[in-house]
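Shown next: data-v2.pdb, containing PDB, C-alpha atoms.
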```pdb
ATOM      1  CA  MET D   1      -8.831  18.477  26.403
ATOM      2  CA  ASN D   2     -11.120  17.877  23.447
ATOM      3  CA  LYS D   3     -10.498  14.895  21.202
ATOM      4  CA  PHE D   4     -10.754  14.580  17.450
ATOM      5  CA  GLU D   5     -11.867  11.211  16.136
ATOM      6  CA  ASN D   6      -9.586  10.179  13.310
ATOM      7  CA  ILE D   7     -10.187   7.580  10.597
ATOM      8  CA  GLU D   8     -11.345   4.315  12.114
ATOM      9  CA  GLY D   9     -11.605   5.586  15.672
ATOM     10  CA  ASP D  10      -8.209   7.131  16.392
ATOM     11  CA  ASN D  11      -7.893  10.469  18.200
ATOM     12  CA  PHE D  12      -5.858  13.622  17.643
ATOM     13  CA  GLU D  13      -5.522  16.119  20.482
ATOM     14  CA  LYS D  14      -7.369  19.308  19.617
ATOM     15  CA  THR D  15      -5.952  22.769  20.158
ATOM     16  CA  PRO D  16      -7.595  26.166  19.687
ATOM     17  CA  ASP D  17      -5.126  27.130  16.943
ATOM     18  CA  LYS D  18      -6.314  28.103  13.501
ATOM     19  CA  LYS D  19      -7.243  25.198  11.229
ATOM     20  CA  LYS D  20      -4.571  24.192   8.722
ATOM     21  CA  ALA D  21      -4.623  22.016   5.635
ATOM     22  CA  ALA D  22      -4.099  18.267   5.454
ATOM     23  CA  ASP D  23      -2.900  16.022   2.665
ATOM     24  CA  ILE D  24      -1.773  12.473   1.985
ATOM     25  CA  ASP D  25       1.363  11.044   0.448
ATOM     26  CA  PHE D  26       0.895   7.436  -0.641
ATOM     27  CA  ILE D  27       4.249   5.648  -0.798
ATOM     28  CA  ARG D  28       4.843   2.206  -2.251
ATOM     29  CA  HIS D  29       6.879  -0.109  -0.008
ATOM     30  CA  SER D  30      10.607  -0.578  -0.564
ATOM     31  CA  VAL D  31      12.368  -3.478  -2.290
ATOM     32  CA  SER D  32      11.223  -6.694  -0.601
ATOM     33  CA  SER D  33      12.273 -10.310  -0.332
ATOM     34  CA  TYR D  34       8.616 -11.505  -0.170
ATOM     35  CA  LYS D  35       9.744 -14.198   2.254
ATOM     36  CA  THR D  36       6.257 -14.778   3.627
ATOM     37  CA  TYR D  37       4.852 -15.513   0.177
ATOM     38  CA  GLY D  38       7.672 -17.936  -0.536
ATOM     39  CA  LYS D  39       7.116 -19.652   2.806
ATOM     40  CA  ILE D  40       3.398 -20.093   2.099
ATOM     41  CA  ALA D  41       3.915 -21.354  -1.452
ATOM     42  CA  ALA D  42       6.399 -24.002  -0.306
ATOM     43  CA  SER D  43       4.385 -25.086   2.729
ATOM     44  CA  GLU D  44       2.192 -28.117   3.304
ATOM     45  CA  ASN D  45      -0.796 -25.858   2.645
ATOM     46  CA  PRO D  46       0.218 -23.560  -0.224
ATOM     47  CA  LEU D  47      -3.331 -22.262  -0.727
ATOM     48  CA  GLN D  48      -3.609 -20.984   2.845
ATOM     49  CA  GLN D  49      -4.453 -17.369   3.523
ATOM     50  CA  LEU D  50      -1.803 -14.930   4.671
ATOM     51  CA  ASN D  51      -1.861 -14.318   8.422
ATOM     52  CA  PRO D  52      -0.578 -10.764   9.040
ATOM     53  CA  ASP D  53       0.580 -11.719  12.539
ATOM     54  CA  GLU D  54       2.635 -14.680  11.317
ATOM     55  CA  GLN D  55       4.913 -13.228   8.664
ATOM     56  CA  ALA D  56       8.527 -14.160   7.925
ATOM     57  CA  LEU D  57      10.546 -11.248   9.300
ATOM     58  CA  PRO D  58      12.266  -9.052   8.447
ATOM     59  CA  ASP D  59      10.992  -8.728   4.877
ATOM     60  CA  LEU D  60      13.184  -5.874   3.641
ATOM     61  CA  PRO D  61      16.638  -7.026   2.520
ATOM     62  CA  GLU D  62      19.625  -4.718   2.887
ATOM     63  CA  LYS D  63      18.913  -3.230  -0.540
ATOM     64  CA  GLY D  64      15.365  -2.405   0.543
ATOM     65  CA  ILE D  65      16.507  -0.869   3.824
ATOM     66  CA  GLU D  66      19.036   1.356   2.096
ATOM     67  CA  LEU D  67      16.547   2.493  -0.553
ATOM     68  CA  ALA D  68      13.969   3.388   2.094
ATOM     69  CA  LYS D  69      16.544   5.341   4.095
ATOM     70  CA  GLN D  70      17.680   7.274   1.008
ATOM     71  CA  GLU D  71      14.138   8.073  -0.103
ATOM     72  CA  ALA D  72      13.048   9.037   3.414
ATOM     73  CA  GLU D  73      15.905  11.540   3.604
ATOM     74  CA  LYS D  74      14.825  13.039   0.271
ATOM     75  CA  PHE D  75      11.173  13.095   1.321
ATOM     76  CA  PHE D  76      11.714  15.067   4.512
ATOM     77  CA  CYS D  77      14.492  17.386   3.350
ATOM     78  CA  ASP D  78      12.062  20.020   2.013
ATOM     79  CA  LEU D  79       9.509  19.757   4.843
ATOM     80  CA  ASP D  80       9.499  21.988   7.921
ATOM     81  CA  PRO D  81       8.913  20.203  11.267
ATOM     82  CA  ASN D  82       7.742  23.519  12.697
ATOM     83  CA  LYS D  83       4.831  23.613  10.256
ATOM     84  CA  ILE D  84       3.919  19.956   9.713
ATOM     85  CA  VAL D  85       2.860  17.071  11.933
ATOM     86  CA  LEU D  86       2.755  13.504  10.656
ATOM     87  CA  PHE D  87       0.415  10.536  10.882
ATOM     88  CA  PHE D  88       1.662   7.127   9.669
ATOM     89  CA  ALA D  89      -0.591   4.446   8.154
ATOM     90  CA  SER D  90       0.356   1.170   6.497
ATOM     91  CA  SER D  91      -0.806  -2.009   4.872
ATOM     92  CA  ASN D  92      -0.793  -5.066   7.135
ATOM     93  CA  GLU D  93       2.109  -6.638   5.216
ATOM     94  CA  ALA D  94       5.604  -6.603   6.673
ATOM     95  CA  ARG D  95       7.325  -4.889   3.742
ATOM     96  CA  ALA D  96       4.989  -1.884   4.003
ATOM     97  CA  ILE D  97       5.186  -1.676   7.803
ATOM     98  CA  GLU D  98       8.989  -1.918   7.745
ATOM     99  CA  THR D  99       9.193   0.808   5.080
ATOM    100  CA  ALA D 100       6.850   3.022   7.102
ATOM    101  CA  ASN D 101       9.019   2.514  10.179
ATOM    102  CA  ILE D 102      12.162   3.677   8.386
ATOM    103  CA  TYR D 103      10.371   6.861   7.335
ATOM    104  CA  ARG D 104       9.026   7.245  10.888
ATOM    105  CA  GLN D 105      12.488   6.940  12.392
ATOM    106  CA  THR D 106      13.852   9.458   9.891
ATOM    107  CA  ALA D 107      11.029  11.863  10.744
ATOM    108  CA  HIS D 108      11.815  11.687  14.459
ATOM    109  CA  ALA D 109      15.507  12.265  13.779
ATOM    110  CA  LYS D 110      14.581  15.453  11.921
ATOM    111  CA  GLY D 111      12.380  16.730  14.722
ATOM    112  CA  PHE D 112       8.903  16.036  13.363
ATOM    113  CA  ARG D 113       6.001  15.396  15.697
ATOM    114  CA  VAL D 114       4.278  12.065  14.974
ATOM    115  CA  ILE D 115       0.653  11.647  16.010
ATOM    116  CA  LYS D 116       0.154   8.351  17.806
ATOM    117  CA  PRO D 117      -3.019   6.459  16.847
ATOM    118  CA  GLU D 118      -5.283   5.106  19.536
ATOM    119  CA  HIS D 119      -5.144   1.632  17.982
ATOM    120  CA  VAL D 120      -2.435   0.022  15.826
ATOM    121  CA  ARG D 121      -4.261  -3.259  15.105
ATOM    122  CA  ASN D 122      -1.243  -5.278  14.012
ATOM    123  CA  LYS D 123       1.276  -7.100  16.177
ATOM    124  CA  HIS D 124       4.236  -6.425  13.916
ATOM    125  CA  ALA D 125       3.428  -2.711  13.594
ATOM    126  CA  GLU D 126       3.070  -2.429  17.366
ATOM    127  CA  GLU D 127       6.439  -4.049  17.964
ATOM    128  CA  ILE D 128       8.619  -2.175  15.487
ATOM    129  CA  GLY D 129       6.668   1.061  15.120
ATOM    130  CA  GLU D 130       6.410   1.865  18.836
ATOM    131  CA  GLY D 131       2.661   2.248  18.431
ATOM    132  CA  GLU D 132       2.986   5.046  15.868
ATOM    133  CA  ILE D 133       2.008   3.175  12.673
ATOM    134  CA  ARG D 134      -1.691   2.599  12.123
ATOM    135  CA  VAL D 135      -2.468  -0.493  10.036
ATOM    136  CA  LEU D 136      -5.445  -0.053   7.710
ATOM    137  CA  GLN D 137      -7.120  -2.909   5.891
ATOM    138  CA  ASN D 138      -7.906  -0.672   2.913
ATOM    139  CA  LEU D 139      -4.179  -0.241   2.289
ATOM    140  CA  SER D 140      -3.607  -3.989   2.384
ATOM    141  CA  ILE D 141      -3.512  -6.231  -0.670
ATOM    142  CA  TYR D 142      -6.037  -8.652   0.776
ATOM    143  CA  PRO D 143      -8.404  -6.484   2.858
ATOM    144  CA  ASP D 144     -11.103  -9.155   2.970
ATOM    145  CA  LYS D 145      -8.671 -11.952   3.903
ATOM    146  CA  THR D 146      -9.221 -13.860   0.647
ATOM    147  CA  SER D 147      -5.521 -14.083  -0.114
ATOM    148  CA  ASN D 148      -4.200 -16.657  -2.501
ATOM    149  CA  VAL D 149      -0.534 -15.931  -3.015
ATOM    150  CA  VAL D 150      -0.091 -18.971  -5.266
ATOM    151  CA  LEU D 151      -2.681 -17.946  -7.842
ATOM    152  CA  ASP D 152      -1.674 -14.280  -7.735
ATOM    153  CA  SER D 153       1.952 -15.261  -8.357
ATOM    154  CA  VAL D 154       1.001 -16.114 -11.934
ATOM    155  CA  PHE D 155       1.588 -12.431 -12.752
ATOM    156  CA  ASN D 156       5.238 -12.664 -11.760
ATOM    157  CA  SER D 157       7.680 -13.432 -14.517
ATOM    158  CA  PRO D 158       8.065 -17.246 -14.478
ATOM    159  CA  LYS D 159      11.733 -17.050 -13.512
ATOM    160  CA  LYS D 160      10.902 -14.835 -10.521
ATOM    161  CA  ARG D 161       8.236 -17.064  -8.962
ATOM    162  CA  SER D 162       8.829 -18.760  -5.640
ATOM    163  CA  PRO D 163       8.819 -22.585  -5.680
ATOM    164  CA  ILE D 164       5.306 -23.965  -5.137
ATOM    165  CA  ASN D 165       4.501 -27.224  -3.372
ATOM    166  CA  TRP D 166       2.321 -28.498  -6.214
ATOM    167  CA  ALA D 167       1.930 -31.893  -4.543
ATOM    168  CA  ASN D 168      -0.509 -30.249  -2.129
ATOM    169  CA  VAL D 169      -2.432 -28.251  -4.717
ATOM    170  CA  PRO D 170      -5.461 -29.832  -6.460
ATOM    171  CA  LEU D 171      -4.599 -31.043  -9.959
ATOM    172  CA  GLU D 172      -7.411 -28.978 -11.452
ATOM    173  CA  THR D 173      -6.042 -25.806  -9.854
ATOM    174  CA  LYS D 174      -2.524 -26.606 -11.015
ATOM    175  CA  ALA D 175      -3.759 -27.177 -14.569
ATOM    176  CA  ARG D 176      -5.559 -23.831 -14.620
ATOM    177  CA  PHE D 177      -2.484 -22.077 -13.213
ATOM    178  CA  GLU D 178      -0.322 -23.577 -15.956
ATOM    179  CA  GLU D 179      -2.815 -22.488 -18.601
ATOM    180  CA  ALA D 180      -2.840 -18.949 -17.230
ATOM    181  CA  SER D 181       0.943 -18.957 -16.994
ATOM    182  CA  LYS D 182       1.164 -19.490 -20.750
ATOM    183  CA  ILE D 183      -0.544 -16.126 -21.212
ATOM    184  CA  ILE D 184       2.211 -14.450 -19.202
ATOM    185  CA  GLU D 185       4.993 -16.429 -20.828
ATOM    186  CA  ALA D 186       3.799 -15.458 -24.316
ATOM    187  CA  ASP D 187       4.061 -11.745 -23.528
ATOM    188  CA  ASP D 188       5.981 -11.223 -20.305
ATOM    189  CA  LYS D 189       6.103  -7.507 -19.433
ATOM    190  CA  GLY D 190       8.846  -8.076 -16.876
ATOM    191  CA  SER D 191       7.119  -7.243 -13.603
ATOM    192  CA  PHE D 192       4.115  -8.273 -11.542
ATOM    193  CA  GLY D 193       2.368  -4.938 -11.965
ATOM    194  CA  ALA D 194       2.927  -4.649 -15.702
ATOM    195  CA  ASN D 195       1.672  -8.180 -16.251
ATOM    196  CA  LEU D 196      -1.358  -7.494 -14.053
ATOM    197  CA  VAL D 197      -2.364  -4.519 -16.186
ATOM    198  CA  ALA D 198      -1.644  -6.186 -19.501
ATOM    199  CA  HIS D 199      -3.014  -9.663 -18.893
ATOM    200  CA  SER D 200      -5.372  -9.806 -15.895
ATOM    201  CA  ASP D 201      -8.523  -9.736 -18.041
ATOM    202  CA  GLU D 202      -7.383 -12.819 -19.971
ATOM    203  CA  VAL D 203      -5.997 -14.559 -16.897
ATOM    204  CA  LYS D 204      -9.303 -14.112 -15.063
ATOM    205  CA  LYS D 205     -11.045 -16.186 -17.729
ATOM    206  CA  VAL D 206      -8.876 -19.087 -16.565
ATOM    207  CA  LEU D 207      -8.468 -18.145 -12.892
ATOM    208  CA  PRO D 208     -11.725 -16.422 -11.878
ATOM    209  CA  GLU D 209     -10.446 -16.257  -8.289
ATOM    210  CA  ILE D 210      -8.024 -13.421  -9.107
ATOM    211  CA  SER D 211      -8.940  -9.737  -9.340
ATOM    212  CA  THR D 212      -8.196  -7.797 -12.507
ATOM    213  CA  ALA D 213      -6.427  -4.439 -12.472
ATOM    214  CA  GLU D 214      -9.696  -2.733 -13.364
ATOM    215  CA  GLU D 215     -11.603  -4.570 -10.621
ATOM    216  CA  LEU D 216      -9.033  -3.446  -8.053
ATOM    217  CA  HIS D 217      -9.420   0.116  -9.362
ATOM    218  CA  ARG D 218     -13.218  -0.028  -9.062
ATOM    219  CA  THR D 219     -13.267  -1.606  -5.610
ATOM    220  CA  GLN D 220     -10.201  -1.316  -3.411
ATOM    221  CA  PHE D 221      -8.825   1.918  -4.848
ATOM    222  CA  GLN D 222     -12.245   3.559  -4.609
ATOM    223  CA  ASN D 223     -12.391   2.558  -0.946
ATOM    224  CA  LEU D 224      -8.990   4.201  -0.512
ATOM    225  CA  LEU D 225     -10.253   7.414  -2.127
ATOM    226  CA  ARG D 226     -13.240   7.541   0.195
ATOM    227  CA  LEU D 227     -10.991   6.917   3.193
ATOM    228  CA  ALA D 228      -8.542   9.583   1.963
ATOM    229  CA  LYS D 229     -11.272  12.192   1.571
ATOM    230  CA  PHE D 230     -12.724  11.383   4.971
ATOM    231  CA  GLY D 231      -9.303  11.429   6.630
ATOM    232  CA  ILE D 232      -8.309  14.775   5.104
ATOM    233  CA  ASN D 233     -11.586  16.424   6.069
ATOM    234  CA  LYS D 234     -11.355  15.110   9.621
ATOM    235  CA  ALA D 235      -7.711  16.147   9.962
ATOM    236  CA  GLU D 236      -8.457  19.653   8.700
ATOM    237  CA  SER D 237     -11.216  20.059  11.282
ATOM    238  CA  ALA D 238      -8.970  18.990  14.163
ATOM    239  CA  GLY D 239      -7.540  22.437  14.844
ATOM    240  CA  ILE D 240      -4.056  21.113  15.562
ATOM    241  CA  GLY D 241      -2.563  24.356  14.270
ATOM    242  CA  LYS D 242      -0.180  22.812  11.764
ATOM    243  CA  GLN D 243      -0.503  21.079   8.448
ATOM    244  CA  ILE D 244      -1.251  17.385   8.953
ATOM    245  CA  LYS D 245       0.479  15.098   6.507
ATOM    246  CA  ILE D 246      -0.746  11.516   6.377
ATOM    247  CA  LEU D 247       1.886   9.081   5.096
ATOM    248  CA  ALA D 248       0.232   5.927   3.778
ATOM    249  CA  PHE D 249       2.401   2.944   2.833
ATOM    250  CA  GLY D 250       0.995   0.276   0.517
ATOM    251  CA  HIS D 251       1.222  -1.605  -2.758
ATOM    252  CA  GLU D 252       1.052  -1.241  -6.505
ATOM    253  CA  ASN D 253      -1.746  -3.759  -7.199
ATOM    254  CA  TYR D 254      -4.724  -1.457  -6.672
ATOM    255  CA  LEU D 255      -3.006   1.581  -8.239
ATOM    256  CA  MET D 256      -1.958   0.258 -11.637
ATOM    257  CA  ASP D 257      -5.166   0.830 -13.574
ATOM    258  CA  MET D 258      -5.661   4.299 -12.083
ATOM    259  CA  LEU D 259      -2.097   5.389 -12.869
ATOM    260  CA  GLU D 260      -2.457   4.347 -16.477
ATOM    261  CA  LYS D 261      -5.870   5.988 -16.976
ATOM    262  CA  THR D 262      -5.293   9.140 -14.914
ATOM    263  CA  PHE D 263      -1.617   9.944 -15.443
ATOM    264  CA  GLN D 264      -0.803   7.821 -18.506
ATOM    265  CA  GLU D 265       2.015   6.299 -16.494
ATOM    266  CA  GLU D 266       2.977   2.657 -16.126
ATOM    267  CA  GLY D 267       3.385   1.495 -12.567
ATOM    268  CA  ILE D 268       4.907   2.949  -9.426
ATOM    269  CA  LYS D 269       8.456   2.217  -8.299
ATOM    270  CA  ASN D 270       9.530   1.127  -4.833
ATOM    271  CA  CYS D 271       9.337   4.115  -2.471
ATOM    272  CA  GLU D 272       7.816   6.293  -5.179
ATOM    273  CA  LYS D 273       4.971   8.535  -3.992
ATOM    274  CA  ILE D 274       1.584   9.849  -5.085
ATOM    275  CA  HIS D 275       0.533  13.125  -3.466
ATOM    276  CA  ILE D 276      -3.204  13.414  -2.761
ATOM    277  CA  GLU D 277      -5.104  16.507  -1.632
ATOM    278  CA  LEU D 278      -8.577  18.005  -1.816
ATOM    279  CA  LYS D 279      -9.384  21.009  -3.984
ATOM    280  CA  GLY D 280     -12.982  21.849  -3.252
ATOM    281  CA  ASP D 281     -14.875  18.599  -3.674
ATOM    282  CA  ASP D 282     -12.276  17.152  -6.045
ATOM    283  CA  ILE D 283      -9.539  14.690  -5.134
ATOM    284  CA  VAL D 284      -6.385  15.800  -6.920
ATOM    285  CA  GLY D 285      -3.275  13.692  -7.354
ATOM    286  CA  LYS D 286       0.300  14.595  -8.258
ATOM    287  CA  PHE D 287       2.526  11.915  -9.722
ATOM    288  CA  ARG D 288       5.796  12.252 -11.639
ATOM    289  CA  ASN D 289       5.324  16.005 -12.070
ATOM    290  CA  LYS D 290       1.801  15.537 -13.421
ATOM    291  CA  GLU D 291      -1.311  16.813 -11.673
ATOM    292  CA  ALA D 292      -4.785  15.452 -12.382
ATOM    293  CA  LYS D 293      -8.190  15.020 -10.830
ATOM    294  CA  ILE D 294      -8.630  11.462  -9.626
ATOM    295  CA  ASP D 295     -12.095  10.336 -10.590
ATOM    296  CA  THR D 296     -14.319   8.388  -8.256
ATOM    297  CA  ILE D 297     -16.195   5.481  -9.791
ATOM    298  CA  ALA D 298     -19.711   4.715  -8.688
TER     299      ALA D 298
END
```
Show the structure stored in the file as structure tokens.
Amino acid sequence: MNKFENIEGDNFEKTPDKKKAADIDFIRHSVSSYKTYGKIAASENPLQQLNPDEQALPDLPEKGIELAKQEAEKFFCDLDPNKIVLFFASSNEARAIETANIYRQTAHAKGFRVIKPEHVRNKHAEEIGEGEIRVLQNLSIYPDKTSNVVLDSVFNSPKKRSPINWANVPLETKARFEEASKIIEADDKGSFGANLVAHSDEVKKVLPEISTAEELHRTQFQNLLRLAKFGINKAESAGIGKQIKILAFGHENYLMDMLEKTFQEEGIKNCEKIHIELKGDDIVGKFRNKEAKIDTIA
């Protein structure tokens, strides 16, 4: 049987049936405890990079599990398993993988076929997702492994930050963090994402290591758009005979600037979705009952 090479080397079985459409639903992860971040910040090496294979698990508290289950039921209630097959992709972080798995389990319970990727490329996803959740670096917050959860935590409201082992952080770094924190404290928007959009340009003047909302839009989100377009085109050429829906689970960080500029909306809630499809050569998004072309940035 012929094989179709999916994004990053995965295969779909090819059938002679008539080609059908493909689309993507990007879903933000559910409510999380962020235990891994707290563990790193309080450790003997608080500036260490996140290791996706050594996360504090599980990361979804009961509230997050229940929200994901409720939203998964809503998501699939209007979809026909006789017409749609599913492909699951996720960030490498536990909260996204665990959210994806709840949707995956719900899909199976409703009779949907799930395409199994050739490679999962994440230990946690392999264990809980039964090999059916493909981890993609482009969906991850730190795709180039330059994570610094301590410095990025400056965008959290001060009362919501995890304790940091400052004794093991250079004094110069601590001083710059405290200076940047004053920017947030003076005009706290109440959430990580809102503070990122409102203050990242000013914070970067003090903490050049962080990425601004606009920088994430111009780099990581653009990589996601290219991957989305490639994935949809490849899926549509597979000849599976049903609509292929790619469910991609990720984070708000790289979406915030785009949502504001494209949809005039602030942020994306836990388990909220953005629908993405191709219309001709254009990438079109649907978010909160608004439809708009999503511009690529050179």
| request: Run the PyMOL selection byres ((chain D and resi 21) around 12) on the file and write out the hits as number ranges by chain. | output: D: 18-20, 22-24, 83-85, 231-246, 277-279
Given the file shown, determine the residues that the PyMOL selection byres ((chain D and resi 178) around 12) selects; report them as a PDB file with C-alpha atoms, in the coordinates of the input.
```pdb
ATOM      1  CA  VAL D 150      -0.091 -18.971  -5.266  1.00  0.00           C
ATOM      2  CA  LEU D 151      -2.681 -17.946  -7.842  1.00  0.00           C
ATOM      3  CA  SER D 153       1.952 -15.261  -8.357  1.00  0.00           C
ATOM      4  CA  VAL D 154       1.001 -16.114 -11.934  1.00  0.00           C
ATOM      5  CA  PHE D 155       1.588 -12.431 -12.752  1.00  0.00           C
ATOM      6  CA  PRO D 158       8.065 -17.246 -14.478  1.00  0.00           C
ATOM      7  CA  TRP D 166       2.321 -28.498  -6.214  1.00  0.00           C
ATOM      8  CA  LEU D 171      -4.599 -31.043  -9.959  1.00  0.00           C
ATOM      9  CA  GLU D 172      -7.411 -28.978 -11.452  1.00  0.00           C
ATOM     10  CA  THR D 173      -6.042 -25.806  -9.854  1.00  0.00           C
ATOM     11  CA  LYS D 174      -2.524 -26.606 -11.015  1.00  0.00           C
ATOM     12  CA  ALA D 175      -3.759 -27.177 -14.569  1.00  0.00           C
ATOM     13  CA  ARG D 176      -5.559 -23.831 -14.620  1.00  0.00           C
ATOM     14  CA  PHE D 177      -2.484 -22.077 -13.213  1.00  0.00           C
ATOM     15  CA  GLU D 179      -2.815 -22.488 -18.601  1.00  0.00           C
ATOM     16  CA  ALA D 180      -2.840 -18.949 -17.230  1.00  0.00           C
ATOM     17  CA  SER D 181       0.943 -18.957 -16.994  1.00  0.00           C
ATOM     18  CA  LYS D 182       1.164 -19.490 -20.750  1.00  0.00           C
ATOM     19  CA  ILE D 183      -0.544 -16.126 -21.212  1.00  0.00           C
ATOM     20  CA  ILE D 184       2.211 -14.450 -19.202  1.00  0.00           C
ATOM     21  CA  GLU D 185       4.993 -16.429 -20.828  1.00  0.00           C
ATOM     22  CA  VAL D 203      -5.997 -14.559 -16.897  1.00  0.00           C
ATOM     23  CA  VAL D 206      -8.876 -19.087 -16.565  1.00  0.00           C
ATOM     24  CA  LEU D 207      -8.468 -18.145 -12.892  1.00  0.00           C
TER      25      LEU D 207
END
```
| Taking the file as shown, what set of residues would the PyMOL selection byres ((chain D and resi 61-78) around 7) give back, as number ranges by chain? | D: 30-33, 59-60, 79-80, 99, 102-103, 106, 271
Centre and edges of the region 123-134 of chain D box, axis-aligned, 8 Å extra per side, as lines of an AutoDock Vina configuration file:
```
center_x = 3.5
center_y = -1.0
center_z = 15.5
size_x = 26.3
size_y = 28.1
size_z = 22.7
```
| request: Would you work out the distance separating CA of Asn101 (chain D) from CA of Ile268 (chain D), expressed in Å to one decimal? | output: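 For CA of Asn101 (chain D) relative to CA of Ile268 (chain D), the distance reads 20.0 Å.
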| request: Considering only C-alpha atoms, return as a PyMOL selection string whatever protein or nucleic-acid residues lie within 8 Å of Asn195 (chain D), sequence-local ones (same chain, fewer than 5 positions apart) excluded. | output: chain D and resi 155-156+184+188-190+200
Taking C-alpha atoms for each residue, export the selection above as a tab-separated table (two decimals), in the coordinates of the input.
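And here's out-v4.tsv as it stands now:
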```tsv
chain	number	residue	atom	x	y	z
D	155	PHE	CA	1.59	-12.43	-12.75
D	156	ASN	CA	5.24	-12.66	-11.76
D	184	ILE	CA	2.21	-14.45	-19.20
D	188	ASP	CA	5.98	-11.22	-20.30
D	189	LYS	CA	6.10	-7.51	-19.43
D	190	GLY	CA	8.85	-8.08	-16.88
D	200	SER	CA	-5.37	-9.81	-15.90
```
| field | Spatial sel., origin (-1.4, -4.2, -9.1), limit 7 Å, all atoms listed in the file, listed as a list of chain:residue names | value |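 Within 7 Å of (-1.4, -4.2, -9.1), the protein and nucleic acid residues are D:Gly193, D:Leu196, D:Ala213, D:Glu252, D:Asn253, D:Tyr254, D:Leu255, D:Met256.
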| said: Measuring between only C-alpha atoms, which one of D:Ala292, D:Gly250, D:Leu227, D:Glu215 shows the shortest distance to Asn270 (chain D)? | reply: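 Counting only C-alpha atoms, the residue closest to Asn270 (chain D) is D:Gly250.
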| request: May I ask for the distance between CA of Lys229 (chain D) and CA of His124 (chain D), given in Å to one decimal place? | output: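 Computing the Euclidean distance for CA of Lys229 (chain D) and CA of His124 (chain D) yields 27.2 Å.
Of the residues listed (D:Ser157, D:Asn289, D:Ser90, D:Asn165), D:Ser157 shows the shortest atom-to-atom separation from Asp187 (chain D); distances use only C-alpha atoms.
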| What gap, in Å, lies between CA of Asp53 (chain D) and CA of Phe192 (chain D)? | 24.6 Å
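Among the candidates D:Phe263, D:Phe26, D:Tyr37, D:Phe287, the one nearest to Glu54 (chain D) when counting all atoms listed in the file is D:Tyr37.
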| said: With all atoms listed in the file as the counted atoms, please give the residues lying no more than 10 Å from Lys261 (chain D), apart from itself and same-chain residues fewer than 5 positions off, as a PyMOL selection string. | reply: chain D and resi 256+266+294-295
| field | Ile128 (chain D) surroundings by only C-alpha atoms, 12 Å radius, close-in-sequence under 4 positions cut, as a PyMOL selection string | value | chain D and resi 57-58+94+97-102+104-105+120+122-124+132-134
| task | Could you tell me which of D:Leu136, D:Val149, D:Val169, D:Met258 comes closest to Gln222 (chain D) if we count only C-alpha atoms? | result |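 Closest to Gln222 (chain D) of all the choices is D:Met258.
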| field | Residue nearest Leu247 (chain D) - candidates D:Arg226, D:Arg28, D:Lys160, D:Lys204, atoms counted: all atoms listed in the file | value | D:Arg28
| query | Closest to Gly38 (chain D) among D:Thr262, D:Thr219, D:Ser162, D:Asn82, using only C-alpha atoms? | reply | D:Ser162
